[in-house]
$ cat protein16.cif   # mmCIF, C-alpha atoms (C1' of nucleotides)
data_input
loop_
_atom_site.label_atom_id
_atom_site.label_comp_id
_atom_site.auth_asym_id
_atom_site.auth_seq_id
_atom_site.Cartn_x
_atom_site.Cartn_y
_atom_site.Cartn_z
CA MET O 631 -52.29 15.76 18.67
CA ALA O 632 -48.74 15.69 19.92
CA GLN O 633 -46.43 13.20 18.33
CA GLN O 634 -45.42 10.29 20.51
CA GLU O 635 -41.91 10.37 21.82
CA PRO O 636 -39.50 8.03 20.04
CA SER O 637 -38.24 4.96 21.86
CA TYR O 638 -34.71 3.62 21.65
CA TRP O 639 -33.56 0.10 20.85
CA LEU O 640 -30.46 -1.98 20.38
CA MET O 641 -30.26 -4.43 17.50
CA LYS O 642 -27.48 -6.96 17.09
CA SER O 643 -26.00 -8.20 13.89
CA GLU O 644 -22.89 -10.19 13.17
CA PRO O 645 -20.80 -8.05 10.84
CA ASN O 646 -19.89 -11.07 8.67
CA ALA O 647 -23.59 -11.54 8.04
CA TYR O 648 -24.73 -7.91 7.87
CA SER O 649 -22.63 -4.95 8.96
CA ILE O 650 -23.06 -1.21 9.37
CA ASP O 651 -21.18 -0.83 6.08
CA ASP O 652 -23.81 -2.94 4.33
CA LEU O 653 -26.55 -0.73 5.74
CA LYS O 654 -24.66 2.41 4.82
CA LYS O 655 -24.43 1.17 1.22
CA GLU O 656 -28.05 0.09 0.99
CA GLY O 657 -29.56 2.96 2.95
CA THR O 658 -32.43 0.86 4.26
CA THR O 659 -32.94 -2.77 5.20
CA LEU O 660 -35.64 -5.17 6.29
CA TRP O 661 -34.61 -6.51 9.69
CA ASP O 662 -35.63 -10.07 8.89
CA GLY O 663 -34.53 -13.44 10.20
CA ILE O 664 -35.60 -12.83 13.79
CA ARG O 665 -36.68 -16.22 15.16
CA ASN O 666 -36.97 -15.50 18.84
CA TYR O 667 -40.34 -14.54 20.25
CA GLN O 668 -39.05 -12.04 22.78
CA ALA O 669 -37.02 -10.24 20.14
CA ARG O 670 -39.96 -10.36 17.74
CA ASN O 671 -42.28 -8.92 20.35
CA PHE O 672 -39.89 -6.06 21.01
CA MET O 673 -39.72 -5.41 17.28
CA ARG O 674 -43.53 -5.45 17.17
CA SER O 675 -43.69 -2.73 19.77
CA MET O 676 -41.49 -0.39 17.73
CA LYS O 677 -42.98 2.78 16.30
CA ILE O 678 -42.08 4.60 13.13
CA GLY O 679 -39.51 7.22 14.10
CA ASP O 680 -37.93 5.15 16.88
CA LYS O 681 -34.16 4.99 16.89
CA ALA O 682 -32.01 1.89 17.23
CA PHE O 683 -28.35 1.35 17.90
CA PHE O 684 -26.63 -0.99 15.48
CA TYR O 685 -24.58 -3.45 17.54
CA HIS O 686 -21.85 -5.61 16.02
CA SER O 687 -21.88 -8.98 17.74
CA ASN O 688 -19.64 -12.02 17.66
CA CYS O 689 -16.64 -10.00 16.52
CA LYS O 690 -13.65 -8.19 17.97
CA PRO O 691 -14.53 -6.02 19.67
CA PRO O 692 -18.29 -6.35 19.99
CA GLY O 693 -20.08 -3.02 20.52
CA ILE O 694 -22.30 -0.20 19.34
CA ILE O 695 -21.23 1.05 15.95
CA GLY O 696 -24.06 3.11 14.48
CA LEU O 697 -27.56 4.47 14.61
CA MET O 698 -30.69 3.62 12.64
CA LYS O 699 -34.26 4.83 12.40
CA VAL O 700 -37.45 2.76 12.19
CA ILE O 701 -39.19 3.69 8.94
CA ASP O 702 -41.80 0.91 8.66
CA ILE O 703 -43.30 -1.70 10.96
CA GLY O 704 -45.42 -4.84 10.90
CA LEU O 705 -43.99 -6.15 7.62
CA VAL O 706 -44.17 -9.88 6.95
CA ASP O 707 -40.71 -11.45 7.06
CA PRO O 708 -40.45 -13.01 3.58
CA THR O 709 -37.66 -15.42 4.56
CA GLN O 710 -40.04 -17.60 6.60
CA PHE O 711 -41.82 -18.91 3.48
CA ASN O 712 -38.76 -19.69 1.38
CA PRO O 713 -37.63 -23.33 1.78
CA ASN O 714 -34.21 -22.41 0.44
CA GLU O 715 -33.72 -19.83 3.15
CA LYS O 716 -31.77 -20.30 6.33
CA TYR O 717 -34.71 -18.75 8.15
CA TYR O 718 -37.40 -20.89 6.53
CA ASP O 719 -40.13 -21.81 9.02
CA PRO O 720 -42.32 -24.67 7.76
CA LYS O 721 -44.77 -24.10 10.60
CA SER O 722 -45.56 -20.56 9.57
CA LYS O 723 -48.71 -20.18 7.50
CA GLN O 724 -49.24 -17.62 4.73
CA GLU O 725 -52.63 -16.64 6.17
CA ASN O 726 -51.13 -16.23 9.63
CA PRO O 727 -47.41 -15.41 9.41
CA ARG O 728 -45.50 -16.09 12.57
CA TRP O 729 -42.62 -13.69 11.92
CA ASP O 730 -42.73 -10.07 10.98
CA CYS O 731 -40.19 -7.31 10.96
CA ALA O 732 -39.43 -3.64 10.86
CA LYS O 733 -37.71 -1.67 8.12
CA MET O 734 -34.71 0.34 9.20
CA SER O 735 -32.86 3.22 7.63
CA TYR O 736 -29.26 4.26 8.11
CA LEU O 737 -28.68 7.37 10.20
CA GLY O 738 -24.96 7.21 10.78
CA GLN O 739 -21.89 5.42 11.91
CA PHE O 740 -20.03 6.55 14.99
CA ALA O 741 -16.40 7.65 14.64
CA GLN O 742 -15.37 4.80 16.89
CA ILE O 743 -17.09 1.71 18.24
CA LEU O 744 -18.43 1.87 21.79
CA SER O 745 -17.23 -1.54 22.87
CA LEU O 746 -19.02 -3.92 25.20
CA GLU O 747 -16.09 -3.51 27.55
CA GLU O 748 -16.58 0.27 27.70
CA LEU O 749 -20.33 -0.17 28.10
CA ARG O 750 -19.66 -2.35 31.13
CA LEU O 751 -17.43 0.34 32.60
CA ASN O 752 -20.00 3.08 32.04
CA TYR O 753 -23.32 1.46 32.86
CA LYS O 754 -24.84 -0.97 35.29
CA GLU O 755 -26.67 -4.17 34.49
CA ASN O 756 -29.98 -2.68 35.55
CA GLU O 757 -29.45 0.32 33.27
CA LEU O 758 -28.60 -1.69 30.19
CA GLN O 759 -30.21 -5.05 29.53
CA LEU O 760 -27.35 -5.92 27.19
CA LEU O 761 -25.03 -6.22 30.17
CA ARG O 762 -27.12 -8.74 32.06
CA LYS O 763 -25.57 -12.13 32.50
CA GLY O 764 -26.62 -14.68 29.93
CA ASN O 765 -28.39 -12.10 27.80
CA ARG O 766 -28.74 -13.36 24.24
CA LEU O 767 -31.56 -11.22 22.96
CA SER O 768 -30.80 -9.71 19.58
CA ILE O 769 -33.31 -6.89 19.98
CA MET O 770 -33.90 -5.04 23.22
CA PRO O 771 -35.10 -1.67 24.47
CA ILE O 772 -32.72 0.99 25.75
CA LYS O 773 -33.81 3.47 28.40
CA LYS O 774 -34.05 6.98 27.00
CA ASP O 775 -31.56 8.61 29.36
CA ILE O 776 -29.00 5.89 28.68
CA ALA O 777 -29.56 6.18 24.93
CA ILE O 778 -29.07 9.95 25.03
CA ASP O 779 -25.95 9.48 27.12
CA ILE O 780 -24.51 6.99 24.64
CA ILE O 781 -25.21 9.32 21.73
CA ASN O 782 -23.58 12.21 23.57
CA LYS O 783 -20.61 10.09 24.50
CA LEU O 784 -20.04 8.99 20.92
CA GLY O 785 -20.44 12.49 19.57
CA ASP O 786 -20.71 13.22 15.88
CA PHE O 787 -21.32 10.69 13.21
CA GLN O 788 -18.66 9.83 10.75
"C1'" DG R 133 -12.83 -23.48 19.61
"C1'" DC R 134 -14.88 -23.56 24.20
"C1'" DC R 135 -18.78 -23.37 26.80
"C1'" DA R 136 -22.40 -20.95 29.81
"C1'" DA R 137 -26.77 -19.61 29.43
"C1'" DC R 138 -30.70 -19.67 27.13
"C1'" DG R 139 -34.71 -21.17 24.01
"C1'" DT R 140 -37.14 -24.92 21.71
"C1'" DT R 141 -38.73 -29.51 20.87
"C1'" DG R 142 -41.06 -33.59 21.67
"C1'" DG R 143 -41.84 -37.91 24.31
"C1'" DC R 144 -44.30 -39.21 28.07
"C1'" DG F 327 -47.38 -29.84 31.77
"C1'" DC F 328 -42.81 -31.68 32.87
"C1'" DC F 329 -38.24 -31.98 31.61
"C1'" DA F 330 -34.27 -34.16 29.13
"C1'" DA F 331 -32.07 -33.54 25.00
"C1'" DC F 332 -30.75 -30.70 21.67
"C1'" DG F 333 -29.68 -26.32 19.18
"C1'" DT F 334 -28.15 -21.51 19.28
"C1'" DT F 335 -26.00 -17.29 20.78
"C1'" DG F 336 -22.12 -14.78 21.47
"C1'" DG F 337 -18.35 -13.42 24.68
"C1'" DC F 338 -14.00 -14.97 25.72
#

$ encode --input "protein16.cif" --output "structure tokens"
Amino acid sequence: MAQQEPSYWLMKSEPNAYSIDDLKKEGTTLWDGIRNYQARNFMRSMKIGDKAFFYHSNCKPPGIIGLMKVIDIGLVDPTQFNPNEKYYDPKSKQENPRWDCAKMSYLGQFAQILSLEELRLNYKENELQLLRKGNRLSIMPIKKDIAIDIINKLGDFQ
DNA sequence: GCCAACGTTGGC
DNA sequence: GCCAACGTTGGC
């Protein structure tokens, strides 16, 4: 049985909240706190072995900064049951959790950020969902050829 | 800090 | 099920 081909994703995080440096230090992280159904559904369709670009958002400049690998999927997001948590969801039931997440591991940081501005220069809106007007999704798929192109463009990891 | 573009909530 | 009001995201 041939192994399924990995898919590629883009995952946003505000560096003040959780940055590529944090992931580099920790090695792995649970991508919790997702409270948007579309983003959750994308995360649900991830497979172990998929790769994801780490995108720094709400900072200067915003852009792709590193690469991660999916190492586990379908994990219950523990933050939804903790009333002291920012991401507490009182409507989520223990027997039927509303929010789940993937576990990611650090693969590398690129030598320089590939900024949103450069992404706009290099790709079209229909090639990269990130570039579409009004896009606010924090997790989205990336077409394989675009993903490969981005990796080639950025070259070696730091 | 502004605000456009979304997503969610809840009254009806 | 509609939709106004509200909350959030995230670039600028």

$ resolve_selection --input "protein16.cif" --expression "the PyMOL selection byres ((chain O) within 10 of (chain F))" --output "number ranges by chain"
O: 644, 687-692, 746, 764-768

$ resolve_selection --input "protein16.cif" --expression "the PyMOL selection byres ((chain O and resi 770-781) around 8)" --output "short mmCIF file (atom, residue, chain, number, x, y, z; two decimals) with C-alpha atoms, in the coordinates of the input"
data_model
loop_
_atom_site.label_atom_id
_atom_site.label_comp_id
_atom_site.auth_asym_id
_atom_site.auth_seq_id
_atom_site.Cartn_x
_atom_site.Cartn_y
_atom_site.Cartn_z
CA SER O 637 -38.24 4.96 21.86
CA TYR O 638 -34.71 3.62 21.65
CA TRP O 639 -33.56 0.10 20.85
CA LEU O 640 -30.46 -1.98 20.38
CA MET O 641 -30.26 -4.43 17.50
CA ALA O 669 -37.02 -10.24 20.14
CA PHE O 672 -39.89 -6.06 21.01
CA GLU O 757 -29.45 0.32 33.27
CA LEU O 758 -28.60 -1.69 30.19
CA GLN O 759 -30.21 -5.05 29.53
CA LEU O 760 -27.35 -5.92 27.19
CA LEU O 767 -31.56 -11.22 22.96
CA SER O 768 -30.80 -9.71 19.58
CA ILE O 769 -33.31 -6.89 19.98
CA ASN O 782 -23.58 12.21 23.57
CA LYS O 783 -20.61 10.09 24.50
CA LEU O 784 -20.04 8.99 20.92
CA GLY O 785 -20.44 12.49 19.57
#

$ atom_distance --input "protein16.cif" --atom1 "CA of Lys642 in chain O" --atom2 "CA of Glu715 in chain O"
20.0 Å

$ atom_distance --input "protein16.cif" --atom1 "CA of Lys754 in chain O" --atom2 "CA of Ser675 in chain O"
24.5 Å

$ atom_distance --input "protein16.cif" --atom1 "CA of Arg728 in chain O" --atom2 "CA of Pro713 in chain O"
15.2 Å

$ closest_residue --input "protein16.cif" --among "O:Trp661, O:Tyr667, O:Tyr717, O:Phe683" --to "Gly704 in chain O" --atoms "all atoms listed in the file"
O:Trp661

$ residues_around --input "protein16.cif" --residues "Arg670 in chain O" --least-positions-apart "3" --cutoff "9 Å" --atoms "only C-alpha atoms (C1' of nucleotides)" --output "list in words"
Ile664, Arg665, Asn666, Tyr667, Met673, Arg674, Ser675, Trp729, Asp730, Cys731 and Ile769 of chain O

$ write_last_selection --input "protein16.cif" --atoms "C-alpha atoms" --output "compact mmCIF listing (two decimals), in the frame of the given file"
# COMPACT_ATOMS: atom_id res chain seq x y z
CA ILE O 664 -35.60 -12.83 13.79
CA ARG O 665 -36.68 -16.22 15.16
CA ASN O 666 -36.97 -15.50 18.84
CA TYR O 667 -40.34 -14.54 20.25
CA MET O 673 -39.72 -5.41 17.28
CA ARG O 674 -43.53 -5.45 17.17
CA SER O 675 -43.69 -2.73 19.77
CA TRP O 729 -42.62 -13.69 11.92
CA ASP O 730 -42.73 -10.07 10.98
CA CYS O 731 -40.19 -7.31 10.96
CA ILE O 769 -33.31 -6.89 19.98

$ decode --input "protein16.cif" --residues "chain F" --atoms "C-alpha atoms (C1' of nucleotides)" --output "mmCIF file, in the first residue's frame"
data_model
loop_
_atom_site.group_PDB
_atom_site.id
_atom_site.type_symbol
_atom_site.label_atom_id
_atom_site.label_comp_id
_atom_site.auth_asym_id
_atom_site.auth_seq_id
_atom_site.Cartn_x
_atom_site.Cartn_y
_atom_site.Cartn_z
ATOM 1 C "C1'" DG F 327 -34.970 31.209 8.802
ATOM 2 C "C1'" DC F 328 -34.050 36.174 8.594
ATOM 3 C "C1'" DC F 329 -31.136 39.721 9.791
ATOM 4 C "C1'" DA F 330 -29.473 43.474 12.926
ATOM 5 C "C1'" DA F 331 -26.199 43.894 16.304
ATOM 6 C "C1'" DC F 332 -22.135 42.639 17.976
ATOM 7 C "C1'" DG F 333 -17.424 40.578 18.214
ATOM 8 C "C1'" DT F 334 -13.091 39.330 15.930
ATOM 9 C "C1'" DT F 335 -9.352 39.244 12.656
ATOM 10 C "C1'" DG F 336 -5.542 41.256 10.862
ATOM 11 C "C1'" DG F 337 -3.566 44.422 7.323
ATOM 12 C "C1'" DC F 338 -2.547 49.034 7.036
#
